[in-house]
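Raw work-v5.cif, mmCIF, C-alpha atoms; chains and numbers go by the auth columns:
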data_target
loop_
_atom_site.group_PDB
_atom_site.id
_atom_site.type_symbol
_atom_site.label_atom_id
_atom_site.label_comp_id
_atom_site.label_asym_id
_atom_site.label_seq_id
_atom_site.Cartn_x
_atom_site.Cartn_y
_atom_site.Cartn_z
_atom_site.B_iso_or_equiv
_atom_site.auth_seq_id
_atom_site.auth_asym_id
ATOM 1 C CA MET A 1 45.708 -15.365 -8.570 0.00 1470 Q
ATOM 2 C CA SER A 2 46.314 -12.218 -6.548 0.00 1471 Q
ATOM 3 C CA ASN A 3 46.814 -10.231 -9.779 0.00 1472 Q
ATOM 4 C CA ALA A 4 43.438 -11.468 -11.079 0.00 1473 Q
ATOM 5 C CA LYS A 5 41.744 -10.419 -7.842 0.00 1474 Q
ATOM 6 C CA SER A 6 43.400 -7.015 -8.059 0.00 1475 Q
ATOM 7 C CA ILE A 7 42.175 -6.524 -11.618 0.00 1476 Q
ATOM 8 C CA ILE A 8 38.635 -7.580 -10.704 0.00 1477 Q
ATOM 9 C CA GLY A 9 38.685 -5.268 -7.696 0.00 1478 Q
ATOM 10 C CA ALA A 10 39.954 -2.349 -9.767 0.00 1479 Q
ATOM 11 C CA VAL A 11 37.264 -2.916 -12.389 0.00 1480 Q
ATOM 12 C CA ALA A 12 34.556 -3.101 -9.708 0.00 1481 Q
ATOM 13 C CA VAL A 13 35.738 0.091 -8.022 0.00 1482 Q
ATOM 14 C CA THR A 14 36.031 1.940 -11.337 0.00 1483 Q
ATOM 15 C CA GLY A 15 32.535 0.822 -12.319 0.00 1484 Q
ATOM 16 C CA ALA A 16 31.064 1.874 -8.977 0.00 1485 Q
ATOM 17 C CA LEU A 17 32.751 5.285 -9.196 0.00 1486 Q
ATOM 18 C CA ALA A 18 31.479 5.764 -12.741 0.00 1487 Q
ATOM 19 C CA VAL A 19 27.923 4.956 -11.665 0.00 1488 Q
ATOM 20 C CA LEU A 20 28.031 7.273 -8.633 0.00 1489 Q
ATOM 21 C CA ILE A 21 29.461 10.173 -10.628 0.00 1490 Q
ATOM 22 C CA ALA A 22 26.949 9.594 -13.440 0.00 1491 Q
ATOM 23 C CA LEU A 23 24.074 9.658 -10.956 0.00 1492 Q
ATOM 24 C CA GLY A 24 25.344 12.890 -9.432 0.00 1493 Q
ATOM 25 C CA THR A 25 25.739 14.485 -12.850 0.00 1494 Q
ATOM 26 C CA TRP A 26 22.244 13.369 -13.862 0.00 1495 Q
ATOM 27 C CA GLN A 27 20.821 14.995 -10.752 0.00 1496 Q
ATOM 28 C CA MET A 28 22.604 18.241 -11.592 0.00 1497 Q
ATOM 29 C CA GLU A 29 21.108 18.157 -15.078 0.00 1498 Q
ATOM 30 C CA ARG A 30 17.669 17.532 -13.605 0.00 1499 Q
ATOM 31 C CA ARG A 31 18.252 20.464 -11.231 0.00 1500 Q
ATOM 32 C CA ALA A 32 18.930 22.773 -14.162 0.00 1501 Q
ATOM 33 C CA GLU A 33 15.704 21.609 -15.824 0.00 1502 Q
ATOM 34 C CA LYS A 34 13.765 22.051 -12.578 0.00 1503 Q
ATOM 35 C CA GLN A 35 15.115 25.579 -12.095 0.00 1504 Q
ATOM 36 C CA MET A 36 13.923 26.485 -15.593 0.00 1505 Q
ATOM 37 C CA LEU A 37 10.508 25.063 -14.734 0.00 1506 Q
ATOM 38 C CA VAL A 38 10.364 27.046 -11.483 0.00 1507 Q
ATOM 39 C CA GLU A 39 11.217 30.252 -13.344 0.00 1508 Q
ATOM 40 C CA HIS A 40 8.551 29.471 -15.946 0.00 1509 Q
ATOM 41 C CA VAL A 41 5.893 28.740 -13.317 0.00 1510 Q
ATOM 42 C CA SER A 42 6.841 31.790 -11.238 0.00 1511 Q
ATOM 43 C CA ALA A 43 6.530 34.033 -14.288 0.00 1512 Q
ATOM 44 C CA ARG A 44 3.056 32.669 -14.966 0.00 1513 Q
ATOM 45 C CA LEU A 45 1.969 33.166 -11.375 0.00 1514 Q
ATOM 46 C CA GLN A 46 3.106 36.785 -11.458 0.00 1515 Q
ATOM 47 C CA SER A 47 1.379 37.588 -14.745 0.00 1516 Q
ATOM 48 C CA ALA A 48 -2.008 39.306 -14.951 0.00 1517 Q
ATOM 49 C CA PRO A 49 -5.000 36.939 -15.026 0.00 1518 Q
ATOM 50 C CA VAL A 50 -6.565 36.142 -18.391 0.00 1519 Q
ATOM 51 C CA ALA A 51 -10.094 34.998 -19.153 0.00 1520 Q
ATOM 52 C CA LEU A 52 -10.285 31.236 -19.536 0.00 1521 Q
ATOM 53 C CA PRO A 53 -11.451 30.502 -23.112 0.00 1522 Q
ATOM 54 C CA ASP A 54 -14.845 28.944 -23.784 0.00 1523 Q
ATOM 55 C CA ARG A 55 -13.056 25.794 -24.945 0.00 1524 Q
ATOM 56 C CA VAL A 56 -9.560 24.719 -23.923 0.00 1525 Q
ATOM 57 C CA SER A 57 -8.044 22.377 -26.490 0.00 1526 Q
ATOM 58 C CA ASP A 58 -4.603 22.254 -24.860 0.00 1527 Q
ATOM 59 C CA PRO A 59 -4.892 22.201 -21.034 0.00 1528 Q
ATOM 60 C CA ALA A 60 -1.109 22.062 -20.580 0.00 1529 Q
ATOM 61 C CA ALA A 61 -0.798 25.482 -22.220 0.00 1530 Q
ATOM 62 C CA PHE A 62 -2.774 26.952 -19.306 0.00 1531 Q
ATOM 63 C CA ASP A 63 -1.131 25.018 -16.483 0.00 1532 Q
ATOM 64 C CA TYR A 64 -0.173 27.439 -13.660 0.00 1533 Q
ATOM 65 C CA ARG A 65 -1.667 30.407 -15.490 0.00 1534 Q
ATOM 66 C CA ARG A 66 -3.725 32.933 -13.562 0.00 1535 Q
ATOM 67 C CA VAL A 67 -7.215 32.960 -15.030 0.00 1536 Q
ATOM 68 C CA THR A 68 -10.676 34.370 -14.406 0.00 1537 Q
ATOM 69 C CA VAL A 69 -13.928 32.537 -15.033 0.00 1538 Q
ATOM 70 C CA GLN A 70 -17.531 33.690 -14.722 0.00 1539 Q
ATOM 71 C CA GLY A 71 -20.599 31.585 -14.218 0.00 1540 Q
ATOM 72 C CA TYR A 72 -22.968 30.043 -11.720 0.00 1541 Q
ATOM 73 C CA PHE A 73 -21.901 27.583 -9.042 0.00 1542 Q
ATOM 74 C CA LEU A 74 -23.749 24.255 -9.031 0.00 1543 Q
ATOM 75 C CA HIS A 75 -23.511 23.736 -5.281 0.00 1544 Q
ATOM 76 C CA ASP A 76 -25.704 20.642 -5.333 0.00 1545 Q
ATOM 77 C CA LYS A 77 -22.986 18.894 -7.377 0.00 1546 Q
ATOM 78 C CA GLU A 78 -19.965 19.830 -5.253 0.00 1547 Q
ATOM 79 C CA MET A 79 -17.375 17.184 -4.415 0.00 1548 Q
ATOM 80 C CA LEU A 80 -14.798 16.954 -1.633 0.00 1549 Q
ATOM 81 C CA LEU A 81 -11.123 16.161 -2.113 0.00 1550 Q
ATOM 82 C CA SER A 82 -10.010 14.171 0.925 0.00 1551 Q
ATOM 83 C CA SER A 83 -6.812 14.350 2.960 0.00 1552 Q
ATOM 84 C CA ARG A 84 -6.205 18.079 2.598 0.00 1553 Q
ATOM 85 C CA ALA A 85 -4.545 19.875 5.494 0.00 1554 Q
ATOM 86 C CA ARG A 86 -4.161 23.568 6.228 0.00 1555 Q
ATOM 87 C CA ARG A 87 -1.741 24.705 8.916 0.00 1556 Q
ATOM 88 C CA GLY A 88 -1.733 21.221 10.390 0.00 1557 Q
ATOM 89 C CA ILE A 89 -5.525 20.865 10.519 0.00 1558 Q
ATOM 90 C CA ALA A 90 -7.087 18.057 8.485 0.00 1559 Q
ATOM 91 C CA GLY A 91 -9.947 18.764 6.160 0.00 1560 Q
ATOM 92 C CA TYR A 92 -11.121 18.779 2.552 0.00 1561 Q
ATOM 93 C CA HIS A 93 -11.003 20.894 -0.563 0.00 1562 Q
ATOM 94 C CA VAL A 94 -14.389 21.793 -2.039 0.00 1563 Q
ATOM 95 C CA VAL A 95 -14.637 21.289 -5.801 0.00 1564 Q
ATOM 96 C CA THR A 96 -17.723 22.871 -7.344 0.00 1565 Q
ATOM 97 C CA PRO A 97 -18.747 22.893 -11.021 0.00 1566 Q
ATOM 98 C CA LEU A 98 -19.156 26.378 -12.458 0.00 1567 Q
ATOM 99 C CA LYS A 99 -21.728 26.603 -15.238 0.00 1568 Q
ATOM 100 C CA ARG A 100 -20.768 29.135 -17.916 0.00 1569 Q
ATOM 101 C CA GLU A 101 -23.046 30.694 -20.509 0.00 1570 Q
ATOM 102 C CA GLY A 102 -22.190 29.452 -23.986 0.00 1571 Q
ATOM 103 C CA ALA A 103 -19.075 27.644 -22.793 0.00 1572 Q
ATOM 104 C CA SER A 104 -18.076 24.371 -21.201 0.00 1573 Q
ATOM 105 C CA ALA A 105 -18.429 24.084 -17.442 0.00 1574 Q
ATOM 106 C CA VAL A 106 -15.336 24.468 -15.287 0.00 1575 Q
ATOM 107 C CA LEU A 107 -14.447 22.649 -12.104 0.00 1576 Q
ATOM 108 C CA VAL A 108 -13.388 25.116 -9.412 0.00 1577 Q
ATOM 109 C CA ASP A 109 -11.409 24.099 -6.345 0.00 1578 Q
ATOM 110 C CA ARG A 110 -12.909 26.724 -4.046 0.00 1579 Q
ATOM 111 C CA GLY A 111 -10.505 25.934 -1.221 0.00 1580 Q
ATOM 112 C CA TRP A 112 -10.180 24.253 2.148 0.00 1581 Q
ATOM 113 C CA VAL A 113 -12.733 23.463 4.841 0.00 1582 Q
ATOM 114 C CA PRO A 114 -12.151 21.595 8.136 0.00 1583 Q
ATOM 115 C CA HIS A 115 -13.907 18.311 8.783 0.00 1584 Q
ATOM 116 C CA ASP A 116 -16.644 19.952 10.831 0.00 1585 Q
ATOM 117 C CA ARG A 117 -17.499 22.204 7.865 0.00 1586 Q
ATOM 118 C CA ALA A 118 -17.672 19.445 5.286 0.00 1587 Q
ATOM 119 C CA ALA A 119 -21.491 19.552 5.143 0.00 1588 Q
ATOM 120 C CA PRO A 120 -22.717 22.496 3.004 0.00 1589 Q
ATOM 121 C CA ALA A 121 -25.238 23.412 5.712 0.00 1590 Q
ATOM 122 C CA ARG A 122 -22.325 24.157 8.074 0.00 1591 Q
ATOM 123 C CA ARG A 123 -21.037 26.860 5.682 0.00 1592 Q
ATOM 124 C CA ALA A 124 -24.271 28.070 4.122 0.00 1593 Q
ATOM 125 C CA GLU A 125 -23.029 31.657 3.780 0.00 1594 Q
ATOM 126 C CA GLY A 126 -20.293 30.465 1.454 0.00 1595 Q
ATOM 127 C CA GLN A 127 -22.758 28.819 -0.930 0.00 1596 Q
ATOM 128 C CA VAL A 128 -22.992 31.979 -3.011 0.00 1597 Q
ATOM 129 C CA VAL A 129 -25.710 32.211 -5.676 0.00 1598 Q
ATOM 130 C CA GLY A 130 -26.006 34.213 -8.837 0.00 1599 Q
ATOM 131 C CA LEU A 131 -23.329 35.184 -11.321 0.00 1600 Q
ATOM 132 C CA VAL A 132 -19.857 34.991 -9.805 0.00 1601 Q
ATOM 133 C CA SER A 133 -16.379 35.804 -11.039 0.00 1602 Q
ATOM 134 C CA VAL A 134 -13.550 33.591 -9.835 0.00 1603 Q
ATOM 135 C CA THR A 135 -9.863 34.377 -10.108 0.00 1604 Q
ATOM 136 C CA GLY A 136 -7.431 31.555 -9.578 0.00 1605 Q
ATOM 137 C CA ILE A 137 -4.743 29.297 -10.971 0.00 1606 Q
ATOM 138 C CA ALA A 138 -5.497 26.858 -13.787 0.00 1607 Q
ATOM 139 C CA ARG A 139 -3.959 23.485 -13.052 0.00 1608 Q
ATOM 140 C CA VAL A 140 -3.623 20.194 -14.828 0.00 1609 Q
ATOM 141 C CA PRO A 141 -4.237 17.809 -11.904 0.00 1610 Q
ATOM 142 C CA THR A 142 -1.491 15.450 -10.817 0.00 1611 Q
ATOM 143 C CA ARG A 143 -1.806 11.791 -11.663 0.00 1612 Q
ATOM 144 C CA HIS A 144 -2.374 8.989 -9.193 0.00 1613 Q
ATOM 145 C CA GLY A 145 0.837 7.793 -7.599 0.00 1614 Q
ATOM 146 C CA LEU A 146 1.711 4.156 -7.144 0.00 1615 Q
ATOM 147 C CA PHE A 147 0.511 4.183 -3.525 0.00 1616 Q
ATOM 148 C CA THR A 148 -2.299 6.741 -3.900 0.00 1617 Q
ATOM 149 C CA PRO A 149 -5.774 5.327 -3.151 0.00 1618 Q
ATOM 150 C CA ALA A 150 -8.119 5.262 -6.115 0.00 1619 Q
ATOM 151 C CA ASN A 151 -11.051 7.645 -6.379 0.00 1620 Q
ATOM 152 C CA ASP A 152 -14.412 6.088 -5.528 0.00 1621 Q
ATOM 153 C CA PRO A 153 -17.182 8.295 -6.972 0.00 1622 Q
ATOM 154 C CA ALA A 154 -19.902 5.937 -5.746 0.00 1623 Q
ATOM 155 C CA ARG A 155 -18.872 6.662 -2.139 0.00 1624 Q
ATOM 156 C CA GLY A 156 -18.116 10.305 -2.835 0.00 1625 Q
ATOM 157 C CA PHE A 157 -14.437 9.645 -2.121 0.00 1626 Q
ATOM 158 C CA TRP A 158 -12.008 11.758 -4.116 0.00 1627 Q
ATOM 159 C CA ILE A 159 -8.305 11.860 -3.377 0.00 1628 Q
ATOM 160 C CA ILE A 160 -7.048 13.277 -6.688 0.00 1629 Q
ATOM 161 C CA ALA A 161 -8.915 15.747 -8.882 0.00 1630 Q
ATOM 162 C CA ASP A 162 -10.013 14.003 -12.089 0.00 1631 Q
ATOM 163 C CA PRO A 163 -11.915 16.536 -14.229 0.00 1632 Q
ATOM 164 C CA ALA A 164 -13.271 14.018 -16.749 0.00 1633 Q
ATOM 165 C CA LEU A 165 -14.528 11.558 -14.118 0.00 1634 Q
ATOM 166 C CA MET A 166 -15.844 14.345 -11.897 0.00 1635 Q
ATOM 167 C CA ALA A 167 -17.785 15.819 -14.818 0.00 1636 Q
ATOM 168 C CA VAL A 168 -19.389 12.456 -15.543 0.00 1637 Q
ATOM 169 C CA THR A 169 -20.223 11.970 -11.861 0.00 1638 Q
ATOM 170 C CA ALA A 170 -21.753 15.449 -11.643 0.00 1639 Q
ATOM 171 C CA GLY A 171 -23.577 15.011 -14.940 0.00 1640 Q
ATOM 172 C CA ILE A 172 -22.412 18.338 -16.328 0.00 1641 Q
ATOM 173 C CA GLY A 173 -21.126 17.242 -19.721 0.00 1642 Q
ATOM 174 C CA PRO A 174 -17.547 17.401 -21.009 0.00 1643 Q
ATOM 175 C CA VAL A 175 -15.046 19.730 -19.372 0.00 1644 Q
ATOM 176 C CA SER A 176 -11.440 20.584 -20.105 0.00 1645 Q
ATOM 177 C CA GLY A 177 -8.642 18.742 -18.359 0.00 1646 Q
ATOM 178 C CA LEU A 178 -8.122 21.742 -16.096 0.00 1647 Q
ATOM 179 C CA ILE A 179 -9.263 22.612 -12.618 0.00 1648 Q
ATOM 180 C CA VAL A 180 -9.240 26.227 -11.437 0.00 1649 Q
ATOM 181 C CA GLU A 181 -7.843 26.685 -7.913 0.00 1650 Q
ATOM 182 C CA ALA A 182 -9.560 29.779 -6.503 0.00 1651 Q
ATOM 183 C CA ASP A 183 -7.285 32.378 -4.963 0.00 1652 Q
ATOM 184 C CA ALA A 184 -7.423 33.623 -1.384 0.00 1653 Q
ATOM 185 C CA THR A 185 -10.254 36.121 -1.977 0.00 1654 Q
ATOM 186 C CA PRO A 186 -12.444 35.641 1.163 0.00 1655 Q
ATOM 187 C CA ASN A 187 -15.764 33.823 0.766 0.00 1656 Q
ATOM 188 C CA PRO A 188 -18.828 34.880 2.787 0.00 1657 Q
ATOM 189 C CA GLY A 189 -18.689 33.205 6.186 0.00 1658 Q
ATOM 190 C CA GLY A 190 -14.975 32.473 5.762 0.00 1659 Q
ATOM 191 C CA TYR A 191 -15.294 29.083 4.075 0.00 1660 Q
ATOM 192 C CA PRO A 192 -14.022 27.641 1.833 0.00 1661 Q
ATOM 193 C CA LYS A 193 -10.608 29.244 2.239 0.00 1662 Q
ATOM 194 C CA GLY A 194 -8.942 29.794 -1.122 0.00 1663 Q
ATOM 195 C CA THR A 195 -5.362 29.007 -1.984 0.00 1664 Q
ATOM 196 C CA VAL A 196 -2.420 31.394 -1.999 0.00 1665 Q
ATOM 197 C CA PRO A 197 -0.721 30.672 -5.346 0.00 1666 Q
ATOM 198 C CA VAL A 198 2.694 29.046 -5.070 0.00 1667 Q
ATOM 199 C CA ALA A 199 4.899 27.372 -7.641 0.00 1668 Q
ATOM 200 C CA GLY A 200 4.503 23.990 -5.973 0.00 1669 Q
ATOM 201 C CA VAL A 201 7.641 22.624 -7.657 0.00 1670 Q
ATOM 202 C CA THR A 202 10.125 20.979 -5.318 0.00 1671 Q
ATOM 203 C CA ASP A 203 13.836 20.949 -6.098 0.00 1672 Q
ATOM 204 C CA ASN A 204 15.860 18.437 -4.089 0.00 1673 Q
ATOM 205 C CA HIS A 205 18.225 17.567 -6.914 0.00 1674 Q
ATOM 206 C CA LEU A 206 21.241 19.430 -5.490 0.00 1675 Q
ATOM 207 C CA GLN A 207 21.043 17.480 -2.251 0.00 1676 Q
ATOM 208 C CA TYR A 208 20.708 14.204 -4.195 0.00 1677 Q
ATOM 209 C CA ALA A 209 23.670 15.136 -6.413 0.00 1678 Q
ATOM 210 C CA LEU A 210 25.807 15.960 -3.370 0.00 1679 Q
ATOM 211 C CA THR A 211 24.843 12.612 -1.857 0.00 1680 Q
ATOM 212 C CA TRP A 212 26.023 10.675 -4.932 0.00 1681 Q
ATOM 213 C CA TYR A 213 29.227 12.713 -5.237 0.00 1682 Q
ATOM 214 C CA SER A 214 29.902 12.258 -1.511 0.00 1683 Q
ATOM 215 C CA LEU A 215 29.507 8.504 -1.837 0.00 1684 Q
ATOM 216 C CA ALA A 216 32.007 8.570 -4.699 0.00 1685 Q
ATOM 217 C CA LEU A 217 34.488 10.482 -2.496 0.00 1686 Q
ATOM 218 C CA VAL A 218 33.926 8.060 0.375 0.00 1687 Q
ATOM 219 C CA LEU A 219 34.598 5.123 -1.948 0.00 1688 Q
ATOM 220 C CA LEU A 220 37.807 6.764 -3.163 0.00 1689 Q
ATOM 221 C CA ALA A 221 38.879 7.413 0.416 0.00 1690 Q
ATOM 222 C CA VAL A 222 38.259 3.781 1.366 0.00 1691 Q
ATOM 223 C CA VAL A 223 40.208 2.508 -1.645 0.00 1692 Q
ATOM 224 C CA CYS A 224 43.134 4.820 -0.864 0.00 1693 Q
ATOM 225 C CA ALA A 225 43.115 3.759 2.802 0.00 1694 Q
ATOM 226 C CA VAL A 226 43.122 0.081 1.840 0.00 1695 Q
ATOM 227 C CA ARG A 227 45.988 0.545 -0.621 0.00 1696 Q
ATOM 228 C CA ARG A 228 47.994 2.542 1.936 0.00 1697 Q
ATOM 229 C CA ARG A 229 47.460 -0.168 4.517 0.00 1698 Q
ATOM 230 C CA ARG A 230 48.569 -2.860 2.098 0.00 1699 Q
ATOM 231 C CA LYS A 231 51.765 -0.934 1.315 0.00 1700 Q
ATOM 232 C CA GLN A 232 52.510 -0.556 5.004 0.00 1701 Q
ATOM 233 C CA LEU A 233 51.995 -4.262 5.565 0.00 1702 Q
ATOM 234 C CA SER A 234 54.182 -5.134 2.573 0.00 1703 Q
ATOM 235 C CA ARG A 235 57.128 -3.255 4.168 0.00 1704 Q
ATOM 236 C CA ILE A 236 56.965 -5.299 7.379 0.00 1705 Q
ATOM 237 C CA PRO A 237 59.536 -8.097 7.155 0.00 1706 Q
ATOM 238 C CA PRO A 238 58.085 -11.561 7.598 0.00 1707 Q
ATOM 239 C CA THR A 239 58.433 -13.134 11.021 0.00 1708 Q
ATOM 240 C CA PRO A 240 61.191 -15.764 11.051 0.00 1709 Q
#
Would you mind writing the file's structure down as C-alpha cells?
Amino acid sequence: MSNAKSIIGAVAVTGALAVLIALGTWQMERRAEKQMLVEHVSARLQSAPVALPDRVSDPAAFDYRRVTVQGYFLHDKEMLLSSRARRGIAGYHVVTPLKREGASAVLVDRGWVPHDRAAPARRAEGQVVGLVSVTGIARVPTRHGLFTPANDPARGFWIIADPALMAVTAGIGPVSGLIVEADATPNPGGYPKGTVPVAGVTDNHLQYALTWYSLALVLLAVVCAVRRRRKQLSRIPPTP
C-alpha cells in the first residue's frame, strides 16, 4: 500500500513540475514574441509620417504608423471617450470626425480634456475651423474586454473607440477601422491635449515566467525536504 502511495505521489509531483516548467517556458516564448512586437511598433513610431490613403482596405497594416490627414473638423459631431486620465486627473478624450475631400472621413482622437472642459463651449478656441492638417498615430482600437462596459451611443457614452459604430452615430458614412490619435502639437486655448506617441505594449512575461519557475523550485525543495525527513525518521530505531 505504501509503495502505491509513493508511486501516486511521484506521478503527481512529476506532473505538477512538468506543468509549472511548461508554463514558464510558454511565458518566455511569449516574451520573445512581445519583444519583436515592441521593436516593430517602436520602428513605426520613429518613422516619418505618411499621408493616410483615401481608402484603407487593411487597417492593421497602418496600426501604430505615423500618419498625416487633411480635412475639416465636424465639431458638431464630436464624441467623448469616457474614463480617460492624464497625470492622475480624470477626463475624456475628444473624438471628432474629419471630413476629407474626395476620401472617406477619418475619426480623430484630438486628445484629453478634463471634466470641466467637456462642453465644447468651455474650449471654444480649440474648435478650429477651416482646412486643418493633423499628424498622429493610426490605431486599430482595442476590443471590449470581458468586464468593459458597453458603449451606449444613445446616451453619448463611449468607453472604447468603435469607428464603424461612431460613424453611424455621427451620420458620416463608412470609415476605415482606424482612428488617428493626434500628436502633442498644441491646440489653440490648450485643449484638447494631444498624445505623446508611445508603444503602449506591456511586457510582463519575464516576471510571470520567473514566478512559474520559482514555484517549480519551491515544489522541488519541498519534495527534497520531505524525503530527507523520511530518511531521518527511518534511521531512528523503534521504541521498545
Around all the atoms of segment 1607-1611 of chain Q listed in the file, draw an axis-aligned box and extend it by 3 Å on each of the six sides; I want its centre and edge lengths in Å to one decimal, as lines of an AutoDock Vina configuration file.
center_x = -3.5
center_y = 21.2
center_z = -12.8
size_x = 10.0
size_y = 17.4
size_z = 10.0
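The space between atom CA of Pro1643 of chain Q and atom CA of Ala1572 of chain Q spans 10.5 Å.
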For Thr1617 of chain Q: contacts at 12 Å, only C-alpha atoms, fewer than 6 positions along chain excluded, given as a list of chain:residue names: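 Within the cut-off, the hits are Q:Ser1551, Q:Ser1552, Q:Thr1611, Q:Trp1627, Q:Ile1628, Q:Ile1629.
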Once the PyMOL selection byres ((chain Q and resi 1641) around 12) is applied to the coordinates I shared, what remains selected? I want it as JSON, numbers by chain. {"Q": [1542, 1543, 1545, 1546, 1547, 1565, 1566, 1567, 1568, 1569, 1572, 1573, 1574, 1575, 1576, 1632, 1633, 1634, 1635, 1636, 1637, 1638, 1639, 1640, 1642, 1643, 1644, 1645]}
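Shortest separation to Ala1619 of chain Q among Q:Ala1529, Q:Ala1587, Q:Ile1606, Q:Leu1550 occurs at residue Q:Leu1550, atoms counted being all atoms listed in the file.
Computed from the coordinates, the atom CA of Val1536 of chain Q to atom CA of Asp1578 of chain Q distance equals 13.1 Å.
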Applied to this file, what does the PyMOL selection byres ((chain Q and resi 1682) around 9) return in terms of residues, put as a list in words?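 Matching residues under the PyMOL selection byres ((chain Q and resi 1682) around 9) are Leu1489, Ile1490, Leu1492, Gly1493, Thr1494, Tyr1677, Ala1678, Leu1679, Thr1680, Trp1681, Ser1683, Leu1684, Ala1685, Leu1686 and Val1687 of chain Q.
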Using all atoms listed in the file, which of the listed residues (Q:Val1577, Q:Ala1481, Q:Val1538, Q:Val1597) sits closest to Val1692 of chain Q?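 Under the stated criterion, the closest residue is Q:Ala1481.
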Considering all atoms listed in the file, can you say which of Q:Tyr1533, Q:Gly1658, Q:Pro1622, Q:Pro1583 comes closest to Val1507 of chain Q? Q:Tyr1533
Applied to this file, what does the PyMOL selection byres ((chain Q and resi 1563) around 8) return in terms of residues, put as an mmCIF file with C-alpha atoms, in the coordinates of the input?
data_model
loop_
_atom_site.group_PDB
_atom_site.id
_atom_site.type_symbol
_atom_site.label_atom_id
_atom_site.label_comp_id
_atom_site.auth_asym_id
_atom_site.auth_seq_id
_atom_site.Cartn_x
_atom_site.Cartn_y
_atom_site.Cartn_z
ATOM 1 C CA GLU Q 1547 -19.965 19.830 -5.253
ATOM 2 C CA MET Q 1548 -17.375 17.184 -4.415
ATOM 3 C CA LEU Q 1549 -14.798 16.954 -1.633
ATOM 4 C CA LEU Q 1550 -11.123 16.161 -2.113
ATOM 5 C CA TYR Q 1561 -11.121 18.779 2.552
ATOM 6 C CA HIS Q 1562 -11.003 20.894 -0.563
ATOM 7 C CA VAL Q 1564 -14.637 21.289 -5.801
ATOM 8 C CA THR Q 1565 -17.723 22.871 -7.344
ATOM 9 C CA ASP Q 1578 -11.409 24.099 -6.345
ATOM 10 C CA ARG Q 1579 -12.909 26.724 -4.046
ATOM 11 C CA GLY Q 1580 -10.505 25.934 -1.221
ATOM 12 C CA TRP Q 1581 -10.180 24.253 2.148
ATOM 13 C CA VAL Q 1582 -12.733 23.463 4.841
ATOM 14 C CA PRO Q 1661 -14.022 27.641 1.833
#
